[in-house]
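Structure file protein.txt with compact mmCIF, C-alpha atoms:
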# COMPACT_ATOMS: atom_id res chain seq x y z
CA MET A 1 -139.89 187.75 97.34
CA SER A 2 -137.90 184.60 97.48
CA LYS A 3 -136.40 182.83 94.53
CA PHE A 4 -137.36 179.42 95.81
CA ARG A 5 -141.04 179.02 96.25
CA LYS A 6 -141.99 176.57 98.91
CA ASN A 7 -145.26 174.75 99.47
CA ASP A 8 -146.11 174.91 95.81
CA GLU A 9 -149.09 172.65 95.07
CA LYS A 10 -147.70 171.27 91.80
CA PRO A 11 -148.21 167.46 91.60
CA ALA A 12 -145.27 165.08 90.90
CA PRO A 13 -145.07 164.30 87.17
CA GLY A 14 -146.35 160.80 86.25
CA ILE A 15 -143.80 158.27 85.01
CA ASN A 16 -144.43 157.06 81.51
CA THR A 17 -144.74 153.27 81.70
CA SER A 18 -145.56 152.62 78.07
CA SER A 19 -142.12 151.07 77.45
CA LEU A 20 -142.39 148.72 80.41
CA PRO A 21 -143.91 145.87 78.34
CA ASP A 22 -141.00 146.18 75.88
CA ILE A 23 -138.46 145.82 78.67
CA VAL A 24 -140.22 142.86 80.20
CA PHE A 25 -140.60 141.15 76.82
CA MET A 26 -136.91 141.61 76.21
CA LEU A 27 -136.15 139.90 79.52
CA LEU A 28 -138.61 137.17 78.67
CA PHE A 29 -136.97 136.46 75.32
CA PHE A 30 -133.55 136.44 76.93
CA PHE A 31 -134.64 133.77 79.38
CA MET A 32 -136.38 131.75 76.71
CA VAL A 33 -133.19 131.61 74.68
CA ALA A 34 -130.65 131.21 77.48
CA THR A 35 -132.34 128.45 79.47
CA THR A 36 -133.45 124.91 78.85
CA THR A 37 -136.55 123.27 80.20
CA LYS A 38 -136.17 121.17 83.30
CA GLU A 39 -136.41 117.46 82.60
CA GLN A 40 -137.51 116.51 86.06
CA ASP A 41 -137.82 117.97 89.46
CA PRO A 42 -134.95 116.29 91.25
CA LEU A 43 -135.90 114.20 94.27
CA VAL A 44 -132.28 113.59 95.18
CA LYS A 45 -129.52 116.00 96.15
CA ILE A 46 -127.04 116.42 93.35
CA LYS A 47 -123.88 118.45 93.48
CA SER A 48 -122.46 117.83 90.07
CA ALA A 49 -118.91 116.83 89.35
CA LYS A 50 -116.66 119.16 87.40
CA GLY A 51 -114.82 118.51 84.19
CA ASN A 52 -113.51 119.95 80.93
CA GLY A 53 -114.13 119.16 77.31
CA LEU A 54 -117.71 118.04 77.85
CA THR A 55 -120.20 117.21 75.12
CA ASP A 56 -123.41 119.22 75.02
CA LEU A 57 -126.38 116.87 75.16
CA THR A 58 -128.90 119.37 73.77
CA PRO A 59 -128.97 118.00 70.19
CA PHE A 60 -129.46 114.49 71.55
CA LYS A 61 -132.21 115.69 73.86
CA GLN A 62 -134.02 117.33 70.97
CA ARG A 63 -134.09 114.01 69.19
CA GLY A 64 -135.27 112.20 72.32
CA GLU A 65 -132.18 110.03 72.47
CA VAL A 66 -131.26 110.55 76.11
CA ASP A 67 -132.68 109.00 79.27
CA PHE A 68 -131.61 110.48 82.58
CA ILE A 69 -130.99 108.64 85.83
CA TYR A 70 -130.44 110.70 88.97
CA LEU A 71 -128.31 109.34 91.80
CA GLY A 72 -127.75 110.94 95.18
CA ALA A 73 -128.97 111.20 98.75
CA PRO A 74 -132.77 111.66 98.91
CA ILE A 75 -134.06 115.16 99.67
CA LYS A 76 -136.99 113.83 101.71
CA GLY A 77 -136.97 110.77 103.90
CA ASP A 78 -134.32 108.65 105.51
CA GLU A 79 -131.24 107.98 103.45
CA ASN A 80 -130.33 104.94 105.53
CA LYS A 81 -133.19 103.05 103.90
CA PHE A 82 -131.17 102.96 100.69
CA ASP A 83 -128.11 100.96 99.80
CA LYS A 84 -125.08 103.08 100.79
CA GLY A 85 -127.43 106.03 101.30
CA ILE A 86 -127.85 106.56 97.57
CA ALA A 87 -131.35 106.81 96.13
CA VAL A 88 -131.89 106.30 92.41
CA GLN A 89 -134.49 108.40 90.65
CA PHE A 90 -136.07 107.28 87.40
CA ASP A 91 -138.29 109.94 85.82
CA GLY A 92 -140.51 111.12 88.65
CA ILE A 93 -140.05 108.32 91.13
CA ILE A 94 -137.41 106.96 93.48
CA ALA A 95 -137.21 103.24 92.99
CA PRO A 96 -137.35 101.31 96.27
CA ASN A 97 -135.18 98.54 94.86
CA GLY A 98 -132.58 101.01 93.67
CA ILE A 99 -130.60 100.42 90.53
CA ASP A 100 -132.25 97.04 89.81
CA TYR A 101 -135.34 98.88 88.59
CA LEU A 102 -133.23 100.12 85.66
CA LYS A 103 -133.91 97.01 83.60
CA LYS A 104 -137.69 97.30 83.67
CA TRP A 105 -137.64 101.07 83.23
CA LYS A 106 -135.28 101.04 80.29
CA VAL A 107 -137.18 98.41 78.33
CA GLU A 108 -140.54 100.08 78.94
CA LYS A 109 -139.17 103.45 77.98
CA PHE A 110 -137.70 102.12 74.76
CA GLU A 111 -140.94 100.47 73.74
CA ASN A 112 -142.95 103.61 74.45
CA LYS A 113 -140.70 105.87 72.40
CA SER A 114 -142.52 107.72 69.64
CA ASP A 115 -142.04 106.63 66.07
CA ASP A 116 -139.88 109.58 65.05
CA VAL A 117 -137.12 108.35 67.33
CA THR A 118 -135.30 106.13 64.93
CA ALA A 119 -132.09 105.55 66.84
CA PRO A 120 -131.35 101.88 67.41
CA ARG A 121 -131.01 100.51 70.92
CA GLU A 122 -127.26 100.90 71.17
CA ASN A 123 -127.45 104.61 70.31
CA ILE A 124 -129.95 105.56 73.00
CA ILE A 125 -127.85 107.30 75.62
CA THR A 126 -128.36 106.63 79.30
CA CYS A 127 -127.05 109.64 81.17
CA PHE A 128 -126.00 109.27 84.80
CA LYS A 129 -126.57 112.45 86.75
CA ALA A 130 -124.78 111.55 89.91
CA ASP A 131 -123.82 113.44 93.01
CA GLU A 132 -120.07 113.84 93.34
CA LYS A 133 -119.95 111.45 96.31
CA VAL A 134 -121.75 108.57 94.64
CA PRO A 135 -119.53 105.46 94.71
CA MET A 136 -118.62 104.02 91.31
CA GLY A 137 -119.77 100.53 92.29
CA ILE A 138 -123.41 101.43 91.74
CA LEU A 139 -122.67 102.89 88.31
CA PHE A 140 -120.89 99.74 87.26
CA GLN A 141 -123.93 97.72 88.37
CA ALA A 142 -125.97 99.90 86.04
CA ARG A 143 -123.45 99.43 83.24
CA LYS A 144 -123.76 95.68 83.62
CA ILE A 145 -127.56 95.83 83.33
CA LEU A 146 -127.35 98.08 80.28
CA GLN A 147 -124.77 95.84 78.65
CA ASP A 148 -127.06 92.84 79.05
CA LEU A 149 -129.88 94.78 77.40
CA ASN A 150 -127.63 96.03 74.55
CA PHE A 151 -128.01 99.69 75.42
CA ASN A 152 -124.39 100.48 74.75
CA SER A 153 -124.22 104.26 74.96
CA ILE A 154 -123.82 105.94 78.30
CA ALA A 155 -122.89 109.41 79.48
CA TYR A 156 -121.33 110.66 82.68
CA SER A 157 -122.92 113.99 83.48
CA ALA A 158 -120.71 116.83 84.72
CA GLN A 159 -120.50 120.60 84.62
CA GLU A 160 -117.88 122.64 82.82
CA LYS A 161 -115.31 123.73 85.39
CA GLY A 162 -113.40 126.36 83.47
CA ASN A 163 -109.64 126.48 83.18
CA LYS A 164 -108.85 128.23 86.44
CA SER A 165 -110.72 126.24 89.06
CA GLU A 166 -109.75 122.87 90.49
CA TYR A 167 -111.52 119.55 90.34
CA ASN A 168 -113.50 119.04 93.52
CA ILE A 169 -112.10 115.78 94.75
CA ARG A 170 -112.66 114.64 98.30
CA GLU A 171 -109.32 114.00 99.92
CA GLN A 172 -109.11 111.47 102.68
CA MET B 1 -172.19 158.81 57.23
CA ALA B 2 -169.82 160.11 59.82
CA LYS B 3 -166.40 158.50 60.02
CA ARG B 4 -166.04 156.63 63.28
CA GLU B 5 -162.80 156.81 65.22
CA SER B 6 -161.47 153.35 65.99
CA PRO B 7 -161.31 152.95 69.76
CA GLU B 8 -157.85 152.77 71.27
CA ILE B 9 -156.84 149.51 72.88
CA ASN B 10 -155.70 149.80 76.43
CA ALA B 11 -152.19 148.38 76.62
CA GLY B 12 -151.79 148.95 80.32
CA SER B 13 -152.10 145.27 81.19
CA MET B 14 -149.53 144.23 78.60
CA ALA B 15 -146.77 144.53 81.19
CA ASP B 16 -148.66 142.24 83.56
CA ILE B 17 -149.05 139.60 80.87
CA ALA B 18 -145.38 139.79 79.96
CA PHE B 19 -144.39 139.53 83.62
CA LEU B 20 -146.56 136.48 84.03
CA LEU B 21 -144.90 134.78 81.07
CA LEU B 22 -141.46 135.77 82.30
CA ILE B 23 -142.07 134.29 85.72
CA PHE B 24 -143.44 131.11 84.18
CA PHE B 25 -140.23 130.68 82.20
CA LEU B 26 -138.08 131.48 85.19
CA VAL B 27 -139.75 128.73 87.17
CA THR B 28 -139.85 125.96 84.58
CA THR B 29 -136.36 126.27 83.12
CA THR B 30 -132.83 125.83 84.34
CA MET B 31 -129.82 127.85 83.47
CA ASP B 32 -127.24 125.10 83.19
CA LYS B 33 -126.93 123.01 80.08
CA ASP B 34 -126.83 119.25 80.21
CA THR B 35 -123.27 118.30 79.48
CA ALA B 36 -121.63 114.92 79.81
CA TYR B 37 -118.89 112.58 78.66
CA LEU B 38 -120.20 110.15 76.08
CA ARG B 39 -118.87 106.63 76.44
CA THR B 40 -119.78 103.24 75.06
CA ILE B 41 -120.09 99.96 76.88
CA PRO B 42 -118.49 97.07 75.01
CA LYS B 43 -120.86 94.62 73.38
CA LYS B 44 -121.80 91.54 75.32
CA VAL B 45 -119.60 88.57 74.36
CA GLU B 46 -120.77 85.02 74.78
CA THR B 47 -117.45 83.22 74.79
CA ASP B 48 -115.49 82.50 77.92
CA LYS B 49 -112.28 82.22 75.96
CA PRO B 50 -109.49 84.16 77.63
CA GLN B 51 -108.41 87.14 75.61
CA PRO B 52 -104.84 87.11 74.33
CA PRO B 53 -102.60 89.17 76.59
CA VAL B 54 -101.78 92.71 75.52
CA GLN B 55 -98.21 93.89 75.68
CA LYS B 56 -97.53 96.18 78.60
CA LYS B 57 -96.30 99.02 76.44
CA ASN B 58 -99.71 99.28 74.78
CA ILE B 59 -101.58 99.86 78.03
CA TYR B 60 -101.81 103.15 79.82
CA LYS B 61 -103.19 102.15 83.18
CA ILE B 62 -104.84 104.71 85.44
CA ALA B 63 -106.13 103.52 88.80
CA ILE B 64 -108.20 105.41 91.37
CA ASN B 65 -108.55 103.82 94.78
CA SER B 66 -111.26 104.28 97.40
CA ARG B 67 -109.41 107.22 98.92
CA GLN B 68 -109.30 109.02 95.58
CA VAL B 69 -105.58 108.51 95.14
CA ILE B 70 -104.79 108.42 91.43
CA GLN B 71 -102.03 106.32 90.01
CA ALA B 72 -100.98 106.56 86.38
CA ARG B 73 -98.64 103.77 85.35
CA ASP B 74 -96.03 103.83 88.12
CA SER B 75 -96.46 107.32 89.47
CA ILE B 76 -98.85 108.53 92.13
CA ILE B 77 -100.53 111.76 91.09
CA PRO B 78 -101.41 114.15 93.92
CA PRO B 79 -104.86 115.76 93.67
CA ASN B 80 -103.49 119.19 92.81
CA GLU B 81 -101.56 117.78 89.88
CA ILE B 82 -104.35 115.90 88.11
CA GLU B 83 -103.97 118.29 85.22
CA SER B 84 -100.63 116.65 84.45
CA LEU B 85 -102.56 113.54 83.37
CA LYS B 86 -103.41 115.27 80.11
CA LYS B 87 -99.74 115.77 79.32
CA ARG B 88 -98.95 112.18 80.22
CA ILE B 89 -101.69 110.79 77.97
CA LYS B 90 -100.63 112.99 75.08
CA HIS B 91 -97.11 111.75 75.60
CA PHE B 92 -98.36 108.16 75.53
CA TYR B 93 -99.96 108.76 72.14
CA THR B 94 -97.25 110.78 70.48
CA VAL B 95 -93.87 109.61 71.82
CA ASN B 96 -93.29 107.08 69.06
CA ARG B 97 -95.15 108.90 66.33
CA TRP B 98 -93.14 109.22 63.09
CA LYS B 99 -90.33 107.19 64.67
CA LYS B 100 -89.14 104.14 62.79
CA SER B 101 -86.08 103.39 64.82
CA ASP B 102 -84.84 104.37 68.23
CA ARG B 103 -88.36 103.97 69.59
CA ASN B 104 -89.25 104.16 73.26
CA ILE B 105 -89.90 100.54 74.15
CA ASP B 106 -92.36 101.40 76.94
CA TYR B 107 -94.86 103.07 74.65
CA PRO B 108 -97.03 101.86 71.75
CA TYR B 109 -95.36 101.55 68.37
CA TYR B 110 -96.69 103.03 65.19
CA SER B 111 -97.04 101.35 61.83
CA TYR B 112 -96.98 103.27 58.59
CA GLY B 113 -99.44 102.58 55.81
CA SER B 114 -99.10 103.72 52.23
CA ILE B 115 -101.17 103.44 49.08
CA GLN B 116 -98.76 100.89 47.60
CA LEU B 117 -98.90 98.74 50.72
CA TYR B 118 -102.69 98.73 50.87
CA ASN B 119 -102.99 97.99 47.16
CA LYS B 120 -100.58 95.10 47.55
CA ASN B 121 -102.59 93.66 50.43
CA ILE B 122 -105.84 93.93 48.50
CA GLU B 123 -104.29 92.24 45.46
CA GLU B 124 -102.91 89.39 47.56
CA LEU B 125 -106.28 88.78 49.17
CA GLU B 126 -108.11 88.89 45.86
CA GLU B 127 -105.62 86.39 44.50
CA ARG B 128 -106.35 84.12 47.44
CA VAL B 129 -110.10 84.35 46.90
CA ARG B 130 -109.64 83.44 43.23
CA LYS B 131 -107.64 80.36 44.18
CA LEU B 132 -110.18 79.26 46.80
CA ASP B 133 -113.14 79.90 44.56
CA VAL B 134 -112.27 77.31 41.89
CA SER B 135 -114.60 74.46 42.81
CA ASP B 136 -118.33 74.76 42.13
CA ASN B 137 -119.51 73.41 45.47
CA PRO B 138 -116.99 74.47 48.07
CA ASP B 139 -117.07 72.89 51.52
CA GLU B 140 -117.94 74.85 54.62
CA ARG B 141 -114.37 75.65 55.53
CA THR B 142 -113.49 77.20 52.19
CA GLU B 143 -116.66 79.24 52.22
CA LYS B 144 -115.74 80.60 55.60
CA LEU B 145 -112.23 81.43 54.40
CA ILE B 146 -113.61 83.25 51.38
CA ALA B 147 -116.00 85.27 53.53
CA GLN B 148 -113.14 86.18 55.84
CA SER B 149 -110.99 87.32 52.96
CA GLN B 150 -113.82 89.40 51.52
CA ASP B 151 -114.21 91.08 54.90
CA ALA B 152 -110.50 91.80 55.00
CA ILE B 153 -110.57 93.25 51.49
CA GLY B 154 -113.39 95.58 52.54
CA LYS B 155 -111.38 96.77 55.51
CA TRP B 156 -108.25 97.40 53.48
CA LYS B 157 -110.29 99.32 50.91
CA GLU B 158 -111.68 101.52 53.67
CA LYS B 159 -108.16 102.17 54.86
CA LEU B 160 -107.08 102.95 51.31
CA GLU B 161 -109.80 105.61 51.05
CA LYS B 162 -108.65 107.20 54.30
CA MET B 163 -105.04 107.09 53.13
CA LYS B 164 -105.96 108.85 49.89
CA LEU B 165 -107.78 111.56 51.82
CA TYR B 166 -104.82 111.93 54.16
CA GLN B 167 -102.36 112.20 51.29
CA LYS B 168 -104.52 114.71 49.46
CA PHE B 169 -104.63 117.11 52.40
CA SER B 170 -101.34 116.56 54.18
CA GLY B 171 -99.10 115.78 51.20
CA LYS B 172 -97.48 112.93 53.10
CA ASN B 173 -97.03 109.53 51.51
CA GLU B 174 -97.39 107.56 54.71
CA ILE B 175 -100.12 107.47 57.32
CA PRO B 176 -99.06 106.82 60.92
CA GLU B 177 -101.24 104.30 62.73
CA ILE B 178 -100.94 103.64 66.43
CA ALA B 179 -100.73 99.99 67.49
CA TYR B 180 -104.18 98.45 67.31
CA GLU B 181 -104.07 97.28 70.92
CA ALA B 182 -102.97 100.59 72.41
CA HIS B 183 -105.53 101.73 74.94
CA ILE B 184 -106.13 103.54 78.20
CA ARG B 185 -107.24 101.31 81.02
CA LEU B 186 -109.20 102.99 83.79
CA GLU B 187 -109.49 101.02 87.00
CA SER B 188 -111.55 102.09 89.97
CA PHE B 189 -112.73 100.71 93.30
CA LEU B 190 -116.32 100.13 94.40
CA ASP B 191 -116.03 103.13 96.71
CA THR B 192 -114.32 105.52 94.33
CA ASP B 193 -116.10 108.87 94.23
CA TYR B 194 -117.94 109.85 91.08
CA SER B 195 -116.21 113.23 91.06
CA ALA B 196 -112.72 111.68 91.01
CA TYR B 197 -113.74 109.29 88.26
CA VAL B 198 -115.16 112.15 86.20
CA ALA B 199 -111.99 114.20 86.79
CA VAL B 200 -109.92 111.44 85.21
CA GLN B 201 -112.43 111.08 82.36
CA SER B 202 -112.10 114.82 81.86
CA GLU B 203 -108.32 114.63 81.53
CA ILE B 204 -108.55 111.74 79.08
CA GLN B 205 -111.10 113.61 77.01
CA ARG B 206 -109.03 116.78 77.01
CA ALA B 207 -105.88 114.95 75.93
CA VAL B 208 -107.53 113.17 73.02
CA THR B 209 -109.55 116.20 71.93
CA GLU B 210 -106.44 118.37 71.93
CA LEU B 211 -104.50 115.85 69.86
CA ARG B 212 -107.39 115.62 67.40
CA ASP B 213 -107.84 119.38 67.23
CA GLU B 214 -104.17 119.98 66.53
CA GLU B 215 -104.09 117.33 63.83
CA ALA B 216 -107.30 118.49 62.17
CA LYS B 217 -106.15 122.09 62.23
CA GLU B 218 -102.93 121.08 60.51
CA ILE B 219 -104.53 118.89 57.84
CA PHE B 220 -107.92 120.50 57.17
CA GLY B 221 -107.46 123.95 58.71
CA ILE B 222 -110.49 123.46 60.98
CA THR B 223 -110.55 121.93 64.44
CA TYR B 224 -112.13 118.60 65.22
CA THR B 225 -114.33 120.18 67.90
CA THR B 226 -115.82 122.65 65.41
CA MET B 227 -116.57 119.89 62.94
CA ASN B 228 -118.06 117.67 65.62
CA ASN B 229 -120.32 120.41 66.99
CA PHE B 230 -121.61 121.12 63.52
CA TYR B 231 -122.10 117.43 62.82
CA GLN B 232 -124.01 116.76 66.04
CA GLN B 233 -126.38 119.65 65.31
CA LYS B 234 -127.08 118.72 61.69
CA LYS B 235 -126.64 114.97 61.84
CA THR B 236 -130.10 114.18 60.51
CA GLU B 237 -129.77 116.41 57.46
CA ASP B 238 -127.97 114.82 54.55
CA THR B 239 -126.04 117.76 53.13
CA PRO B 240 -122.65 117.54 51.38
CA LYS B 241 -121.04 119.53 54.19
CA VAL B 242 -122.23 117.07 56.82
CA ARG B 243 -120.89 114.16 54.78
CA THR B 244 -117.51 115.79 54.21
CA TYR B 245 -117.16 116.59 57.90
CA ARG B 246 -118.04 113.01 58.80
CA GLU B 247 -115.34 111.82 56.42
CA TYR B 248 -112.75 114.20 57.86
CA MET B 249 -113.69 113.23 61.41
CA ASP B 250 -113.41 109.54 60.59
CA LEU B 251 -109.87 110.10 59.40
CA ILE B 252 -108.92 112.05 62.51
CA GLU B 253 -110.47 109.37 64.70
CA VAL B 254 -108.31 106.77 62.98
CA LEU B 255 -105.21 108.86 63.58
CA PHE B 256 -106.04 109.41 67.26
CA PRO B 257 -108.47 106.77 68.45
CA LEU B 258 -110.02 107.09 71.90
CA LYS B 259 -109.78 103.57 73.20
CA LEU B 260 -110.78 103.54 76.82
CA ILE B 261 -111.44 100.40 78.77
CA GLU B 262 -113.30 100.98 82.01
CA VAL B 263 -112.60 98.00 84.20
CA GLU B 264 -115.35 96.76 86.50
CA PRO B 265 -114.21 97.21 90.10
CA LYS B 266 -113.77 94.10 92.20
CA ARG B 267 -113.34 95.58 95.64
Using structure tokens, write down the structure that the file contains.
Amino acid sequence: MSKFRKNDEKPAPGINTSSLPDIVFMLLFFFMVATTTKEQDPLVKIKSAKGNGLTDLTPFKQRGEVDFIYLGAPIKGDENKFDKGIAVQFDGIIAPNGIDYLKKWKVEKFENKSDDVTAPRENIITCFKADEKVPMGILFQARKILQDLNFNSIAYSAQEKGNKSEYNIREQ
Amino acid sequence: MAKRESPEINAGSMADIAFLLLIFFLVTTTMDKDTAYLRTIPKKVETDKPQPPVQKKNIYKIAINSRQVIQARDSIIPPNEIESLKKRIKHFYTVNRWKKSDRNIDYPYYSYGSIQLYNKNIEELEERVRKLDVSDNPDERTEKLIAQSQDAIGKWKEKLEKMKLYQKFSGKNEIPEIAYEAHIRLESFLDTDYSAYVAVQSEIQRAVTELRDEEAKEIFGITYTTMNNFYQQKKTEDTPKVRTYREYMDLIEVLFPLKLIEVEPKR
């Protein structure tokens, strides 16, 4: 008689999955808390610039006080069609006339704001989400347009870089 | 009547539902927060009058050219030493602070306000208004002068309030004020990269925030950043705490103003 019985017909014990929903819900809640909703699907390639001491825009976003402009090379299509290869995305569209569309867009957007947004014109922030290689000239064109329309608050978007890493500056 | 057993609900599909929700959230959200440097564009001015020149010592000029070479005042800053900009800007702000003689002539001077001084100014202006206000139908010019004086009185009174707050918390009888014209001037080229521009903005922001934090910590025992975060979250609620923080922050912003002029590139 052997101590170890082989070829025993005992079935493998079933795994209890009753706590699986709990685990998944926990994950779900973690993601709900830790992430923010996407404003837009980007149509342009953006590698964000790095910086320290940034302001979190979340409280402004909650009050509907921020408009985002995306600048960078287009993901689809020929970048040579655009001035300096930089496409400008307003909400869901890439404007064919580039930054000049800003004027029309900004005014329309301000007029369509819901009534609970009480911030005056000069406090509505226009946030530039630009790729790190975007030339400053185009941003100053935008500044000029905004100044003429009395939208005086702007924001330069960047990501926190931490204390150890370096700024990613293209050396030439 | 026989007691009926309540049927058990099958929870087997609960996991599927939760997974579905989880995947939905994974797809529609992003991990990174939206963070940025807030700046203001100066108001449009109608006049073409040339602005009076600002003394060189009151300008801290930073230039970035189209090859991303950064120059601060007279020194070229290599890319791996950008972090030294913070130290330089802090130096620009603080080198003449609390100095009344033996000041560094290349950096902005400070003036020192006190309660007596502000009171004296207010009295003088009120005296002037009384003298101007004698006639019953003043001409246009006098009216304008009176309005100007009233404005000035308002401004001095604001300063007096800040001074009182400063004295109450710091115990000092004088408030140091940096020269009104002192500012940082950021010049760029049309082809300057956004990342280089943001790197310089970052250093400026860090320098000013650090100065403000240190000062606030010393006077109020709480950093400026903490107060500002709280204020931005609760701005719309009108609680005493929000108002006090706003008051404290106003004082700190007077002590270390962030005056940044971003010059439109010409080439």
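Near chain A, counting all atoms listed in the file at 6 Å, the chain B residues are Met14, Ala15, Ala18, Leu22, Thr29, Thr30, Met31, Asp34, Thr35, Ala36, Tyr37, Leu38, Arg39, Thr40, Ile41, Arg67, Leu190, Asp191, Thr192, Asp193, Tyr194, Ser195, Ala196, Ala199, Ser202, Arg206 and Gln233 of chain B.
Atom CA of Val27 of chain B lies 24.5 Å from atom CA of Gly12 of chain B.
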**OP:** Compile the contact shell of Ile184 of chain B as a list in words: residues with an atom at most 8 Å away, counting all atoms listed in the file, same-chain residues fewer than 3 positions apart removed.
**Re:** Ile59, Tyr60, Lys61, Ile62, Lys259, Leu260 and Ile261 of chain B
Please produce an output containing C-alpha atoms for each residue in the selection, written as a PDB file, in the frame of the given file.
ATOM      1  CA  ILE B  59    -101.580  99.860  78.030  1.00  0.00           C
ATOM      2  CA  TYR B  60    -101.810 103.150  79.820  1.00  0.00           C
ATOM      3  CA  LYS B  61    -103.190 102.150  83.180  1.00  0.00           C
ATOM      4  CA  ILE B  62    -104.840 104.710  85.440  1.00  0.00           C
ATOM      5  CA  LYS B 259    -109.780 103.570  73.200  1.00  0.00           C
ATOM      6  CA  LEU B 260    -110.780 103.540  76.820  1.00  0.00           C
ATOM      7  CA  ILE B 261    -111.440 100.400  78.770  1.00  0.00           C
TER       8      ILE B 261
END
**OP:** Fewer than 4 positions away in the same chain doesn't count, so skip those; otherwise give me all residues within 12 Å of Phe110 of chain A, counting all atoms listed in the file, as an MDAnalysis selection string.
**Re:** chainID A and resid 64:67 102:106 114:115 117:126 149:151
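In terms of minimum interatomic distance to Asn65 of chain B, B:Ile77 ranks closest within B:Leu258, B:Ile77, B:Glu218, B:Glu181, counting only C-alpha atoms.
From atom CA of Glu262 of chain B back to atom CA of Asn58 of chain B, the distance works out to 15.5 Å.
Atom CA of Gly85 of chain A lies 18.4 Å from atom CA of Arg267 of chain B.
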**OP:** Would you kindly return, as a VMD selection string, each protein, DNA or RNA residue with an atom no farther than 12 Å from any atom of Lys241 of chain B, considering only C-alpha atoms and excluding same-chain residues fewer than 6 positions away?
**Re:** chain B and resid 227 to 228 230 to 231 234 to 235 247 to 248
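Distance annotation: of B:Leu211, B:Val242, B:Ala63, B:Ala179, the residue with the minimal separation from Lys86 of chain B is B:Leu211; atom set is all atoms listed in the file.
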**OP:** May I ask which of the residues A:Ala73, A:Ala142, A:Ile46, A:Ala12 is the closest one to Ala87 of chain A, counting all atoms listed in the file?
**Re:** A:Ala73
